[in-house]
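J.: So here's model-v7.cif (mmCIF, C-alpha atoms).
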data_model
#
loop_
_atom_site.group_PDB
_atom_site.id
_atom_site.type_symbol
_atom_site.label_atom_id
_atom_site.label_comp_id
_atom_site.auth_asym_id
_atom_site.auth_seq_id
_atom_site.Cartn_x
_atom_site.Cartn_y
_atom_site.Cartn_z
ATOM 1 C CA MET A 15 12.753 9.766 -41.071
ATOM 2 C CA ASN A 16 12.051 13.464 -41.653
ATOM 3 C CA ILE A 17 8.782 14.116 -43.487
ATOM 4 C CA LEU A 18 7.366 17.311 -44.989
ATOM 5 C CA ILE A 19 3.676 17.593 -45.905
ATOM 6 C CA THR A 20 2.791 20.669 -47.937
ATOM 7 C CA GLY A 21 -0.848 21.644 -47.578
ATOM 8 C CA GLY A 22 -0.817 19.672 -44.358
ATOM 9 C CA ALA A 23 -3.653 21.669 -42.786
ATOM 10 C CA GLY A 24 -5.932 20.765 -45.692
ATOM 11 C CA PHE A 25 -8.179 17.765 -46.237
ATOM 12 C CA ILE A 26 -5.833 15.116 -47.622
ATOM 13 C CA GLY A 27 -2.706 16.599 -46.038
ATOM 14 C CA SER A 28 -4.064 16.518 -42.485
ATOM 15 C CA ASN A 29 -5.296 12.939 -42.868
ATOM 16 C CA LEU A 30 -1.823 12.025 -44.098
ATOM 17 C CA ALA A 31 -0.224 13.760 -41.118
ATOM 18 C CA PHE A 32 -2.192 11.672 -38.630
ATOM 19 C CA ALA A 33 -1.734 8.412 -40.546
ATOM 20 C CA LEU A 34 2.047 8.936 -40.706
ATOM 21 C CA GLN A 35 2.156 9.994 -37.056
ATOM 22 C CA GLU A 36 0.450 6.743 -36.091
ATOM 23 C CA LYS A 37 2.413 4.433 -38.365
ATOM 24 C CA TYR A 38 5.824 6.062 -37.881
ATOM 25 C CA PRO A 39 5.821 7.406 -34.290
ATOM 26 C CA ARG A 40 9.571 8.054 -34.367
ATOM 27 C CA ALA A 41 9.437 10.119 -37.567
ATOM 28 C CA LYS A 42 9.782 13.898 -37.418
ATOM 29 C CA ILE A 43 6.809 15.321 -39.313
ATOM 30 C CA TYR A 44 6.478 18.916 -40.486
ATOM 31 C CA VAL A 45 3.409 20.517 -42.028
ATOM 32 C CA LEU A 46 3.751 23.472 -44.403
ATOM 33 C CA ASP A 47 0.610 25.545 -45.038
ATOM 34 C CA ASN A 48 -0.448 29.139 -45.703
ATOM 35 C CA PHE A 49 -3.846 28.480 -44.052
ATOM 36 C CA SER A 50 -5.757 30.048 -46.932
ATOM 37 C CA SER A 51 -7.999 27.000 -47.325
ATOM 38 C CA GLY A 52 -6.516 24.594 -44.771
ATOM 39 C CA HIS A 53 -7.643 24.981 -41.152
ATOM 40 C CA PHE A 54 -5.837 24.694 -37.840
ATOM 41 C CA LYS A 55 -8.625 22.528 -36.427
ATOM 42 C CA ASN A 56 -7.654 19.806 -38.905
ATOM 43 C CA LEU A 57 -4.378 19.538 -36.978
ATOM 44 C CA ILE A 58 -5.688 19.332 -33.416
ATOM 45 C CA GLY A 59 -3.795 16.354 -31.977
ATOM 46 C CA PHE A 60 -0.904 16.634 -34.455
ATOM 47 C CA LYS A 61 2.399 16.210 -32.597
ATOM 48 C CA GLY A 62 4.764 17.555 -35.231
ATOM 49 C CA GLU A 63 5.671 21.110 -36.218
ATOM 50 C CA VAL A 64 4.030 23.631 -38.533
ATOM 51 C CA ILE A 65 5.847 25.901 -40.985
ATOM 52 C CA THR A 66 3.653 28.790 -42.097
ATOM 53 C CA GLY A 67 4.344 29.870 -45.643
ATOM 54 C CA ASP A 68 3.242 29.983 -49.263
ATOM 55 C CA ILE A 69 4.585 27.443 -51.750
ATOM 56 C CA THR A 70 4.930 30.153 -54.437
ATOM 57 C CA ASP A 71 7.488 32.014 -52.306
ATOM 58 C CA ARG A 72 10.966 31.182 -53.594
ATOM 59 C CA GLU A 73 12.571 32.677 -50.475
ATOM 60 C CA LEU A 74 10.605 30.218 -48.345
ATOM 61 C CA TRP A 75 12.144 27.293 -50.224
ATOM 62 C CA ASP A 76 15.602 28.835 -49.937
ATOM 63 C CA TYR A 77 15.063 29.034 -46.153
ATOM 64 C CA ILE A 78 13.765 25.456 -45.955
ATOM 65 C CA GLY A 79 16.675 24.236 -48.069
ATOM 66 C CA LYS A 80 19.182 25.797 -45.656
ATOM 67 C CA LYS A 81 17.503 24.885 -42.374
ATOM 68 C CA PHE A 82 16.042 21.408 -43.019
ATOM 69 C CA ARG A 83 16.697 18.126 -44.725
ATOM 70 C CA PHE A 84 13.712 15.918 -45.559
ATOM 71 C CA ASP A 85 13.682 12.278 -46.599
ATOM 72 C CA VAL A 86 10.132 12.389 -47.953
ATOM 73 C CA ILE A 87 7.934 15.202 -49.269
ATOM 74 C CA PHE A 88 4.184 14.715 -49.589
ATOM 75 C CA HIS A 89 3.079 17.599 -51.802
ATOM 76 C CA GLU A 90 -0.642 18.268 -51.296
ATOM 77 C CA ALA A 91 -0.636 22.079 -51.341
ATOM 78 C CA ALA A 92 -2.543 23.598 -54.260
ATOM 79 C CA ILE A 93 -5.462 25.735 -55.304
ATOM 80 C CA THR A 94 -8.096 22.983 -55.332
ATOM 81 C CA ASP A 95 -11.139 25.101 -56.172
ATOM 82 C CA THR A 96 -11.852 24.058 -59.764
ATOM 83 C CA THR A 97 -14.009 27.162 -60.327
ATOM 84 C CA VAL A 98 -11.060 29.569 -59.910
ATOM 85 C CA MET A 99 -10.505 31.132 -63.344
ATOM 86 C CA ASP A 100 -7.358 33.177 -62.618
ATOM 87 C CA GLN A 101 -5.003 31.322 -64.961
ATOM 88 C CA PHE A 102 -1.834 33.086 -63.807
ATOM 89 C CA LEU A 103 -2.540 32.383 -60.128
ATOM 90 C CA MET A 104 -3.491 28.751 -60.788
ATOM 91 C CA MET A 105 -0.411 28.009 -62.877
ATOM 92 C CA ARG A 106 1.976 29.856 -60.560
ATOM 93 C CA THR A 107 0.626 28.080 -57.486
ATOM 94 C CA ASN A 108 0.057 24.572 -58.781
ATOM 95 C CA ALA A 109 2.646 24.126 -61.524
ATOM 96 C CA ASP A 110 5.543 26.590 -61.219
ATOM 97 C CA SER A 111 6.085 26.136 -57.473
ATOM 98 C CA PHE A 112 6.393 22.371 -57.992
ATOM 99 C CA ARG A 113 9.850 22.925 -59.496
ATOM 100 C CA TYR A 114 11.097 24.484 -56.229
ATOM 101 C CA ILE A 115 10.044 21.337 -54.372
ATOM 102 C CA LEU A 116 11.595 18.957 -56.882
ATOM 103 C CA ASP A 117 14.882 20.888 -56.927
ATOM 104 C CA LEU A 118 15.171 20.462 -53.158
ATOM 105 C CA ALA A 119 14.200 16.788 -53.416
ATOM 106 C CA VAL A 120 17.078 16.273 -55.847
ATOM 107 C CA LYS A 121 19.447 18.092 -53.484
ATOM 108 C CA TRP A 122 18.354 15.966 -50.520
ATOM 109 C CA GLY A 123 17.808 12.680 -52.393
ATOM 110 C CA ALA A 124 14.241 12.764 -51.071
ATOM 111 C CA LYS A 125 11.199 10.848 -52.271
ATOM 112 C CA VAL A 126 8.333 13.005 -53.581
ATOM 113 C CA ILE A 127 4.691 11.891 -53.531
ATOM 114 C CA TYR A 128 2.403 14.544 -54.972
ATOM 115 C CA ALA A 129 -1.262 15.215 -55.697
ATOM 116 C CA SER A 130 -2.292 15.315 -59.322
ATOM 117 C CA SER A 131 -5.950 15.051 -60.335
ATOM 118 C CA ALA A 132 -8.461 13.240 -62.512
ATOM 119 C CA GLY A 133 -9.215 16.746 -63.782
ATOM 120 C CA VAL A 134 -6.443 16.152 -66.343
ATOM 121 C CA TYR A 135 -8.832 13.857 -68.258
ATOM 122 C CA GLY A 136 -11.673 16.326 -68.749
ATOM 123 C CA ASN A 137 -14.597 14.688 -70.526
ATOM 124 C CA THR A 138 -12.635 12.002 -72.366
ATOM 125 C CA PRO A 139 -14.407 8.607 -72.383
ATOM 126 C CA PRO A 140 -13.908 6.428 -69.277
ATOM 127 C CA PRO A 141 -12.328 4.332 -68.008
ATOM 128 C CA MET A 142 -9.505 6.862 -67.732
ATOM 129 C CA ARG A 143 -6.030 5.427 -68.262
ATOM 130 C CA GLU A 144 -2.875 7.319 -67.382
ATOM 131 C CA ASP A 145 -1.465 7.289 -70.906
ATOM 132 C CA TYR A 146 -4.271 8.812 -72.979
ATOM 133 C CA GLY A 147 -7.231 11.236 -73.038
ATOM 134 C CA LEU A 148 -5.409 14.143 -71.400
ATOM 135 C CA GLU A 149 -7.813 16.933 -72.330
ATOM 136 C CA PRO A 150 -8.539 19.088 -69.242
ATOM 137 C CA GLU A 151 -11.665 21.246 -69.338
ATOM 138 C CA ASN A 152 -10.446 24.021 -67.015
ATOM 139 C CA ILE A 153 -7.283 25.745 -65.838
ATOM 140 C CA TYR A 154 -7.201 23.623 -62.673
ATOM 141 C CA GLY A 155 -6.997 20.395 -64.675
ATOM 142 C CA PHE A 156 -4.434 21.961 -67.001
ATOM 143 C CA SER A 157 -2.254 23.049 -64.056
ATOM 144 C CA LYS A 158 -2.252 19.482 -62.725
ATOM 145 C CA LEU A 159 -1.371 18.115 -66.158
ATOM 146 C CA MET A 160 1.573 20.518 -66.304
ATOM 147 C CA MET A 161 2.661 19.229 -62.878
ATOM 148 C CA ASP A 162 2.691 15.732 -64.355
ATOM 149 C CA HIS A 163 4.828 16.957 -67.276
ATOM 150 C CA ILE A 164 7.278 18.560 -64.841
ATOM 151 C CA ALA A 165 7.374 15.364 -62.758
ATOM 152 C CA LYS A 166 8.130 13.242 -65.821
ATOM 153 C CA GLU A 167 10.999 15.538 -66.765
ATOM 154 C CA TYR A 168 12.534 15.171 -63.296
ATOM 155 C CA MET A 169 11.951 11.397 -63.330
ATOM 156 C CA GLU A 170 13.993 11.159 -66.541
ATOM 157 C CA LYS A 171 16.773 13.497 -65.418
ATOM 158 C CA HIS A 172 16.992 12.171 -61.850
ATOM 159 C CA PRO A 173 16.229 8.444 -61.771
ATOM 160 C CA GLU A 174 18.076 8.260 -58.435
ATOM 161 C CA ILE A 175 15.024 9.697 -56.618
ATOM 162 C CA ASN A 176 11.467 8.363 -56.503
ATOM 163 C CA ILE A 177 8.676 10.643 -57.722
ATOM 164 C CA VAL A 178 5.077 9.429 -57.496
ATOM 165 C CA GLY A 179 2.064 11.374 -58.768
ATOM 166 C CA PHE A 180 -1.482 10.423 -57.803
ATOM 167 C CA ARG A 181 -4.390 11.419 -60.014
ATOM 168 C CA TYR A 182 -7.054 11.522 -57.337
ATOM 169 C CA PHE A 183 -10.611 11.023 -58.469
ATOM 170 C CA ASN A 184 -13.453 12.335 -56.240
ATOM 171 C CA VAL A 185 -12.082 12.076 -52.706
ATOM 172 C CA TYR A 186 -14.400 12.350 -49.706
ATOM 173 C CA GLY A 187 -14.071 11.841 -45.971
ATOM 174 C CA PRO A 188 -13.286 13.415 -42.579
ATOM 175 C CA ARG A 189 -11.597 16.837 -42.380
ATOM 176 C CA GLU A 190 -13.001 18.090 -45.687
ATOM 177 C CA GLU A 191 -15.611 20.387 -44.125
ATOM 178 C CA TYR A 192 -13.353 23.449 -44.276
ATOM 179 C CA LYS A 193 -13.272 23.212 -48.079
ATOM 180 C CA GLY A 194 -16.702 24.866 -48.118
ATOM 181 C CA LYS A 195 -18.334 24.782 -51.546
ATOM 182 C CA THR A 196 -15.565 22.537 -52.896
ATOM 183 C CA ALA A 197 -16.208 19.801 -50.299
ATOM 184 C CA SER A 198 -17.466 16.541 -51.798
ATOM 185 C CA MET A 199 -21.066 16.109 -52.916
ATOM 186 C CA ILE A 200 -21.310 13.347 -50.329
ATOM 187 C CA TYR A 201 -20.521 15.777 -47.525
ATOM 188 C CA GLN A 202 -22.715 18.564 -48.896
ATOM 189 C CA LEU A 203 -25.736 16.325 -49.498
ATOM 190 C CA ALA A 204 -25.425 14.639 -46.101
ATOM 191 C CA VAL A 205 -25.291 18.002 -44.321
ATOM 192 C CA LYS A 206 -28.423 19.253 -46.099
ATOM 193 C CA MET A 207 -30.334 16.076 -45.332
ATOM 194 C CA LEU A 208 -29.238 16.052 -41.684
ATOM 195 C CA LYS A 209 -30.551 19.606 -41.409
ATOM 196 C CA GLY A 210 -33.935 18.523 -42.766
ATOM 197 C CA GLU A 211 -33.416 20.081 -46.191
ATOM 198 C CA LYS A 212 -34.036 18.560 -49.614
ATOM 199 C CA PRO A 213 -30.926 17.423 -51.492
ATOM 200 C CA ARG A 214 -30.234 19.521 -54.615
ATOM 201 C CA LEU A 215 -28.483 18.203 -57.738
ATOM 202 C CA PHE A 216 -27.714 19.379 -61.252
ATOM 203 C CA LYS A 217 -30.248 17.977 -63.716
ATOM 204 C CA TRP A 218 -30.851 15.034 -63.604
ATOM 205 C CA GLY A 219 -28.489 13.590 -61.064
ATOM 206 C CA GLU A 220 -27.128 10.939 -63.430
ATOM 207 C CA GLN A 221 -23.669 12.474 -63.648
ATOM 208 C CA ARG A 222 -21.261 9.753 -62.604
ATOM 209 C CA ARG A 223 -18.063 9.989 -60.610
ATOM 210 C CA ASP A 224 -15.469 7.635 -59.211
ATOM 211 C CA PHE A 225 -15.857 8.468 -55.507
ATOM 212 C CA VAL A 226 -12.862 7.332 -53.458
ATOM 213 C CA TYR A 227 -12.823 7.353 -49.652
ATOM 214 C CA ILE A 228 -9.997 9.203 -47.908
ATOM 215 C CA LYS A 229 -8.814 6.020 -46.157
ATOM 216 C CA ASP A 230 -8.088 4.450 -49.554
ATOM 217 C CA VAL A 231 -6.229 7.590 -50.650
ATOM 218 C CA ILE A 232 -4.061 7.394 -47.528
ATOM 219 C CA LYS A 233 -3.505 3.695 -48.220
ATOM 220 C CA ALA A 234 -2.146 4.548 -51.689
ATOM 221 C CA ASN A 235 0.206 7.172 -50.241
ATOM 222 C CA LEU A 236 1.594 4.768 -47.649
ATOM 223 C CA LEU A 237 2.178 2.133 -50.333
ATOM 224 C CA ALA A 238 4.106 4.712 -52.372
ATOM 225 C CA LEU A 239 6.201 5.593 -49.333
ATOM 226 C CA GLU A 240 7.068 1.956 -48.707
ATOM 227 C CA ARG A 241 7.956 1.001 -52.291
ATOM 228 C CA ASN A 242 10.820 1.936 -54.576
ATOM 229 C CA VAL A 243 8.639 3.172 -57.443
ATOM 230 C CA SER A 244 8.291 6.216 -59.692
ATOM 231 C CA GLY A 245 5.331 7.030 -61.925
ATOM 232 C CA ILE A 246 1.924 8.651 -62.241
ATOM 233 C CA PHE A 247 -1.092 6.639 -61.099
ATOM 234 C CA ASN A 248 -4.863 6.880 -60.856
ATOM 235 C CA VAL A 249 -6.357 6.627 -57.367
ATOM 236 C CA GLY A 250 -10.049 5.740 -57.309
ATOM 237 C CA THR A 251 -12.328 2.740 -56.867
ATOM 238 C CA GLY A 252 -12.572 1.806 -60.526
ATOM 239 C CA ARG A 253 -16.363 2.087 -60.408
ATOM 240 C CA ALA A 254 -18.351 5.226 -61.268
ATOM 241 C CA ARG A 255 -21.515 6.007 -59.297
ATOM 242 C CA SER A 256 -24.222 8.619 -59.890
ATOM 243 C CA PHE A 257 -25.202 11.521 -57.649
ATOM 244 C CA ASN A 258 -28.689 10.008 -57.459
ATOM 245 C CA GLU A 259 -27.132 6.881 -55.959
ATOM 246 C CA ILE A 260 -25.517 9.004 -53.232
ATOM 247 C CA VAL A 261 -28.931 10.368 -52.247
ATOM 248 C CA LYS A 262 -30.363 6.859 -52.253
ATOM 249 C CA ILE A 263 -27.590 5.573 -49.956
ATOM 250 C CA LEU A 264 -27.910 8.579 -47.640
ATOM 251 C CA ASN A 265 -31.693 8.169 -47.422
ATOM 252 C CA ARG A 266 -31.187 4.543 -46.426
ATOM 253 C CA GLU A 267 -28.453 5.256 -43.859
ATOM 254 C CA LEU A 268 -30.248 8.261 -42.347
ATOM 255 C CA GLY A 269 -33.701 6.659 -42.353
ATOM 256 C CA THR A 270 -35.093 9.482 -44.480
ATOM 257 C CA ASN A 271 -37.040 9.641 -47.733
ATOM 258 C CA TYR A 272 -36.078 12.932 -49.350
ATOM 259 C CA GLU A 273 -36.827 13.628 -53.003
ATOM 260 C CA VAL A 274 -34.204 15.448 -55.032
ATOM 261 C CA GLU A 275 -34.633 19.022 -56.205
ATOM 262 C CA TYR A 276 -32.933 19.355 -59.603
ATOM 263 C CA PHE A 277 -31.556 22.562 -61.139
ATOM 264 C CA ASP A 278 -29.526 23.607 -64.189
ATOM 265 C CA CYS A 279 -25.747 23.197 -64.114
ATOM 266 C CA PRO A 280 -24.155 26.679 -64.328
ATOM 267 C CA TYR A 281 -20.773 25.440 -65.591
ATOM 268 C CA ASP A 282 -19.718 24.785 -69.178
ATOM 269 C CA PHE A 283 -16.645 22.747 -68.135
ATOM 270 C CA TYR A 284 -18.363 20.149 -65.992
ATOM 271 C CA GLN A 285 -17.112 16.564 -65.981
ATOM 272 C CA GLU A 286 -20.076 14.268 -66.657
ATOM 273 C CA PHE A 287 -18.485 10.856 -66.139
ATOM 274 C CA THR A 288 -15.211 9.827 -64.485
ATOM 275 C CA GLU A 289 -13.971 6.331 -63.753
ATOM 276 C CA ALA A 290 -10.427 5.253 -62.966
ATOM 277 C CA ASP A 291 -8.603 2.420 -64.660
ATOM 278 C CA LEU A 292 -6.581 0.961 -61.775
ATOM 279 C CA THR A 293 -4.437 -1.479 -63.770
ATOM 280 C CA LYS A 294 -1.219 0.522 -63.415
ATOM 281 C CA ILE A 295 -1.445 1.222 -59.667
ATOM 282 C CA ARG A 296 -2.402 -2.383 -58.941
ATOM 283 C CA GLU A 297 0.678 -3.650 -60.768
ATOM 284 C CA ALA A 298 3.151 -1.079 -59.392
ATOM 285 C CA LEU A 299 1.935 -0.596 -55.820
ATOM 286 C CA GLY A 300 -0.398 -3.490 -55.100
ATOM 287 C CA TYR A 301 -3.172 -0.983 -54.432
ATOM 288 C CA GLU A 302 -6.712 -2.293 -54.075
ATOM 289 C CA PRO A 303 -9.519 -0.020 -52.818
ATOM 290 C CA THR A 304 -11.123 -1.195 -49.583
ATOM 291 C CA TYR A 305 -14.253 0.959 -49.477
ATOM 292 C CA SER A 306 -17.213 0.854 -51.844
ATOM 293 C CA LEU A 307 -19.399 3.977 -51.941
ATOM 294 C CA GLU A 308 -21.852 2.317 -49.547
ATOM 295 C CA GLU A 309 -19.100 1.336 -47.106
ATOM 296 C CA GLY A 310 -17.372 4.704 -47.304
ATOM 297 C CA ILE A 311 -20.546 6.689 -46.628
ATOM 298 C CA LYS A 312 -21.446 4.412 -43.706
ATOM 299 C CA ASP A 313 -17.982 4.887 -42.194
ATOM 300 C CA TYR A 314 -18.080 8.657 -42.785
ATOM 301 C CA LEU A 315 -21.565 9.524 -41.497
ATOM 302 C CA PRO A 316 -20.771 9.482 -37.743
ATOM 303 C CA TYR A 317 -18.120 12.134 -38.404
ATOM 304 C CA ILE A 318 -20.542 14.281 -40.432
ATOM 305 C CA ARG A 319 -23.190 13.963 -37.724
ATOM 306 C CA SER A 320 -20.687 15.260 -35.167
ATOM 307 C CA LYS A 321 -20.117 18.394 -37.261
ATOM 308 C CA VAL A 322 -23.715 19.307 -38.089
ATOM 309 C CA LYS A 323 -25.505 21.728 -35.815
ATOM 310 C CA ARG A 324 -29.253 21.247 -36.039
#
Let me see the structure of the file written as structure tokens.

T.:
Amino acid sequence: MNILITGGAGFIGSNLAFALQEKYPRAKIYVLDNFSSGHFKNLIGFKGEVITGDITDRELWDYIGKKFRFDVIFHEAAITDTTVMDQFLMMRTNADSFRYILDLAVKWGAKVIYASSAGVYGNTPPPMREDYGLEPENIYGFSKLMMDHIAKEYMEKHPEINIVGFRYFNVYGPREEYKGKTASMIYQLAVKMLKGEKPRLFKWGEQRRDFVYIKDVIKANLLALERNVSGIFNVGTGRARSFNEIVKILNRELGTNYEVEYFDCPYDFYQEFTEADLTKIREALGYEPTYSLEEGIKDYLPYIRSKVKR
């Protein structure tokens, strides 16, 4: 099996690379990344090969199409910073380049498993279901929604290949530290508290999110690889939790008693409440999240501790 992971030096992509390397030791795995937000340290221990390039470069895909043949493409490359307001850049990177990938998948007969986002739902009332409430609040969410539209078009025209889109909710876990300000609130709060600083939240910390641990995200991707399924699915826990609850869990796990410092939210496109309806992914893939927020944070903290310099 020949596998390509775009964005493979990033958070989700690098975790996928190692999971696939472990589960399929005889597979040939390639990572494609431009290293603009991904980091080489995420791939220390990776035994496959790296292709350095930008997914918006049509000549790159022409080269890949001539030199390689992949059975599976995991498409994780994207601009993931939701505060980027350059609409042309966001659409060109996230949406338009997706067609290059799908055209090659059709040529090769390859399966495509790609990253969409819960950002497509904006502030529509939870629980979010895949078939309604598609009202993104920013250009990032819109670009992911357009990816889903493109995917559906290819699903209809090319039923001979499998295309799976995952609308990730708030993913957290190891190898996200290089995302900087776009790393999860769980990571950012834990780092502050480990450094002896007060946690800071937008007023009043009751914003709720469906926080999903990276190991459950990888689980969903492996299920999609193993099954003959096409479609677009939510990936979350199905239970929203508040930012205040994160601080409470971290205080308990770290043996601290920090009070939160609240400040005004500077964004006018902020999602207040997200929660995934998992009915569709349960039925199609047999997916069931393993980690609650408490369990995920407990599993994650040793990694965060190893990265924090006091």

J.: Enumerate, as number ranges by chain, the residues matched when the PyMOL selection byres ((chain A and resi 52) around 10) is run on the file above.

T.: A: 21-28, 47-51, 53-57, 91, 189-190, 192-193

J.: One decimal, in Å: what's the spacing between atom CA of A:Ala234 and atom CA of A:Val178?

T.: 10.5 Å

J.: For a quick check of understanding, using only C-alpha atoms, which of A:Asn258, A:Ser157, A:Thr251, A:Ser244 has the smallest distance to A:Leu203?

T.: A:Asn258

J.: At a cut-off of 8 Å, can you tabulate as a Markdown table every residue of stretch 150-198 of chain A near stretch 101-117 of chain A together with its closest atom pair and the distance in Å to one decimal, using all atoms listed in the file and ordering rows by chain then number?

T.:
| residue | atom | partner | partner_atom | distance |
| --- | --- | --- | --- | --- |
| A:Ile153 | CA | A:Gln101 | CA | 6.1 |
| A:Tyr154 | CA | A:Met104 | CA | 6.6 |
| A:Ser157 | CA | A:Met105 | CA | 5.4 |
| A:Lys158 | CA | A:Asn108 | CA | 6.8 |
| A:Met160 | CA | A:Ala109 | CA | 6.1 |
| A:Met161 | CA | A:Ala109 | CA | 5.1 |
| A:Ile164 | CA | A:Arg113 | CA | 7.4 |
| A:Tyr168 | CA | A:Leu116 | CA | 7.5 |

J.: Quick check on the file I pasted: which residues fall under the PyMOL selection byres ((chain A and resi 218) around 10)? Write them as a ChimeraX atom specification.

T.: /A:215-217,219-221,256-258,274-279

J.: List as an MDAnalysis selection string: which residues have an atom within 12 Å of (-1.2, -1.2, -58.0), counting only C-alpha atoms?

T.: chainID A and resid 180 233:235 237:238 241 243 245:251 291:303

J.: List every residue of stretch 163-219 of chain A that has an atom at most 10 Å from any atom of stretch 307-317 of chain A, and for each one report the closest atom pair and its distance in Å to one decimal, counting all atoms listed in the file, with rows sorted by chain and then by increasing residue number, as JSON lines.

T.:
{"residue": "A:Tyr186", "atom": "CA", "partner": "A:Gly310", "partner_atom": "CA", "distance": 8.5}
{"residue": "A:Gly187", "atom": "CA", "partner": "A:Tyr314", "partner_atom": "CA", "distance": 6.0}
{"residue": "A:Pro188", "atom": "CA", "partner": "A:Tyr317", "partner_atom": "CA", "distance": 6.5}
{"residue": "A:Arg189", "atom": "CA", "partner": "A:Tyr317", "partner_atom": "CA", "distance": 9.0}
{"residue": "A:Ile200", "atom": "CA", "partner": "A:Ile311", "partner_atom": "CA", "distance": 7.7}
{"residue": "A:Tyr201", "atom": "CA", "partner": "A:Leu315", "partner_atom": "CA", "distance": 8.7}
{"residue": "A:Ala204", "atom": "CA", "partner": "A:Leu315", "partner_atom": "CA", "distance": 7.9}
{"residue": "A:Val205", "atom": "CA", "partner": "A:Leu315", "partner_atom": "CA", "distance": 9.7}

J.: What does the file look like for those residues with C-alpha atoms, as a PDB file, in the coordinates of the input?

T.:
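See part_8.pdb below for the written result:
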ATOM      1  CA  TYR A 186     -14.400  12.350 -49.706  1.00  0.00           C
ATOM      2  CA  GLY A 187     -14.071  11.841 -45.971  1.00  0.00           C
ATOM      3  CA  PRO A 188     -13.286  13.415 -42.579  1.00  0.00           C
ATOM      4  CA  ARG A 189     -11.597  16.837 -42.380  1.00  0.00           C
ATOM      5  CA  ILE A 200     -21.310  13.347 -50.329  1.00  0.00           C
ATOM      6  CA  TYR A 201     -20.521  15.777 -47.525  1.00  0.00           C
ATOM      7  CA  ALA A 204     -25.425  14.639 -46.101  1.00  0.00           C
ATOM      8  CA  VAL A 205     -25.291  18.002 -44.321  1.00  0.00           C
TER       9      VAL A 205
END

J.: Would you please work out which residue, of A:His172, A:Lys206, A:Arg223, A:Lys121, is nearest to A:Ile318 when using all atoms listed in the file?

T.: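 Smallest distance to A:Ile318 is found for A:Lys206.
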
J.: Out of A:Ala41, A:Val185, A:Leu208, A:Val98, which residue has the shortest atom-to-atom distance to A:Asp230 when counting only C-alpha atoms?

T.: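 Of A:Ala41, A:Val185, A:Leu208, A:Val98, the one nearest A:Asp230 is A:Val185, counting only C-alpha atoms.
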
J.: Can you list, as a list in words, every protein, DNA or RNA residue that comes within 7 Å of stretch 43-46 of chain A when you count only C-alpha atoms, leaving out same-chain residues fewer than 6 positions away?

T.: Asn16, Ile17, Leu18, Ile19, Thr20, Gly21, Gly22, Gly62, Glu63, Val64, Ile65, Thr66 and Gly67 of chain A

J.: Would you work out the distance separating atom CA of A:Ala33 from atom CA of A:Lys229, expressed in Å to one decimal?

T.: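 Those two atoms sit 9.3 Å apart.
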
J.: Rounded to one decimal in Å, what is the spacing between atom CA of A:Glu149 and atom CA of A:Asn137?

T.: 7.4 Å

J.: Set the distance at 12 Å and use only C-alpha atoms: which residues neighbour A:Lys37 once local chain neighbours fewer than 6 positions away are removed? I'd like the list as a list in words.

T.: Met15, Leu30, Ala31, Ile43, Ile232, Lys233, Leu236, Leu239 and Glu240 of chain A

J.: I need the output of the PyMOL selection byres ((chain A and resi 134) around 9) for this file as a list in words; which residues are they?

T.: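 So the PyMOL selection byres ((chain A and resi 134) around 9) ends up selecting Ser130, Ser131, Ala132, Gly133, Tyr135, Gly136, Gly147, Leu148, Glu149, Pro150, Glu151, Asn152, Tyr154, Gly155, Phe156, Ser157, Lys158, Leu159 and Arg181 of chain A.
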
J.: Take the residues from that selection and write them out as an mmCIF file, keeping the file's coordinate frame, keeping C-alpha atoms.

T.:
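Output (selection_30.cif):
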data_model
loop_
_atom_site.group_PDB
_atom_site.id
_atom_site.type_symbol
_atom_site.label_atom_id
_atom_site.label_comp_id
_atom_site.auth_asym_id
_atom_site.auth_seq_id
_atom_site.Cartn_x
_atom_site.Cartn_y
_atom_site.Cartn_z
ATOM 1 C CA SER A 130 -2.292 15.315 -59.322
ATOM 2 C CA SER A 131 -5.950 15.051 -60.335
ATOM 3 C CA ALA A 132 -8.461 13.240 -62.512
ATOM 4 C CA GLY A 133 -9.215 16.746 -63.782
ATOM 5 C CA TYR A 135 -8.832 13.857 -68.258
ATOM 6 C CA GLY A 136 -11.673 16.326 -68.749
ATOM 7 C CA GLY A 147 -7.231 11.236 -73.038
ATOM 8 C CA LEU A 148 -5.409 14.143 -71.400
ATOM 9 C CA GLU A 149 -7.813 16.933 -72.330
ATOM 10 C CA PRO A 150 -8.539 19.088 -69.242
ATOM 11 C CA GLU A 151 -11.665 21.246 -69.338
ATOM 12 C CA ASN A 152 -10.446 24.021 -67.015
ATOM 13 C CA TYR A 154 -7.201 23.623 -62.673
ATOM 14 C CA GLY A 155 -6.997 20.395 -64.675
ATOM 15 C CA PHE A 156 -4.434 21.961 -67.001
ATOM 16 C CA SER A 157 -2.254 23.049 -64.056
ATOM 17 C CA LYS A 158 -2.252 19.482 -62.725
ATOM 18 C CA LEU A 159 -1.371 18.115 -66.158
ATOM 19 C CA ARG A 181 -4.390 11.419 -60.014
#

J.: Which residue gives the smallest distance to A:Val226 among A:Phe287, A:Tyr305, A:Tyr272, A:Tyr38, with all atoms listed in the file counted?

T.: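 Going through A:Phe287, A:Tyr305, A:Tyr272, A:Tyr38 one by one, the smallest distance to A:Val226 is for A:Tyr305.
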
J.: Ranking A:Ile69, A:Ala124, A:Tyr146, A:Gln285 by minimum distance to A:Val86 and counting all atoms listed in the file, which one comes first?

T.: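 The shortest atom-to-atom distance to A:Val86 comes from A:Ala124.
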
J.: Considering all atoms listed in the file, can you say which of A:Ile175, A:Ala197, A:Thr270, A:Arg253 comes closest to A:Glu211?

T.: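 Counting all atoms listed in the file, the residue closest to A:Glu211 is A:Thr270.
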
J.: Please check which residues have atoms at most 6 Å from (-12.5, 11.1, -62.8) in the file's coordinates, counting all atoms listed in the file, and write them as a compact mmCIF listing (two decimals) with C-alpha atoms, in the coordinates of the input.

T.:
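Saved result, part-v7.txt, follows:
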# COMPACT_ATOMS: atom_id res chain seq x y z
CA ALA A 132 -8.46 13.24 -62.51
CA PHE A 183 -10.61 11.02 -58.47
CA ASP A 224 -15.47 7.64 -59.21
CA THR A 288 -15.21 9.83 -64.48
CA GLU A 289 -13.97 6.33 -63.75
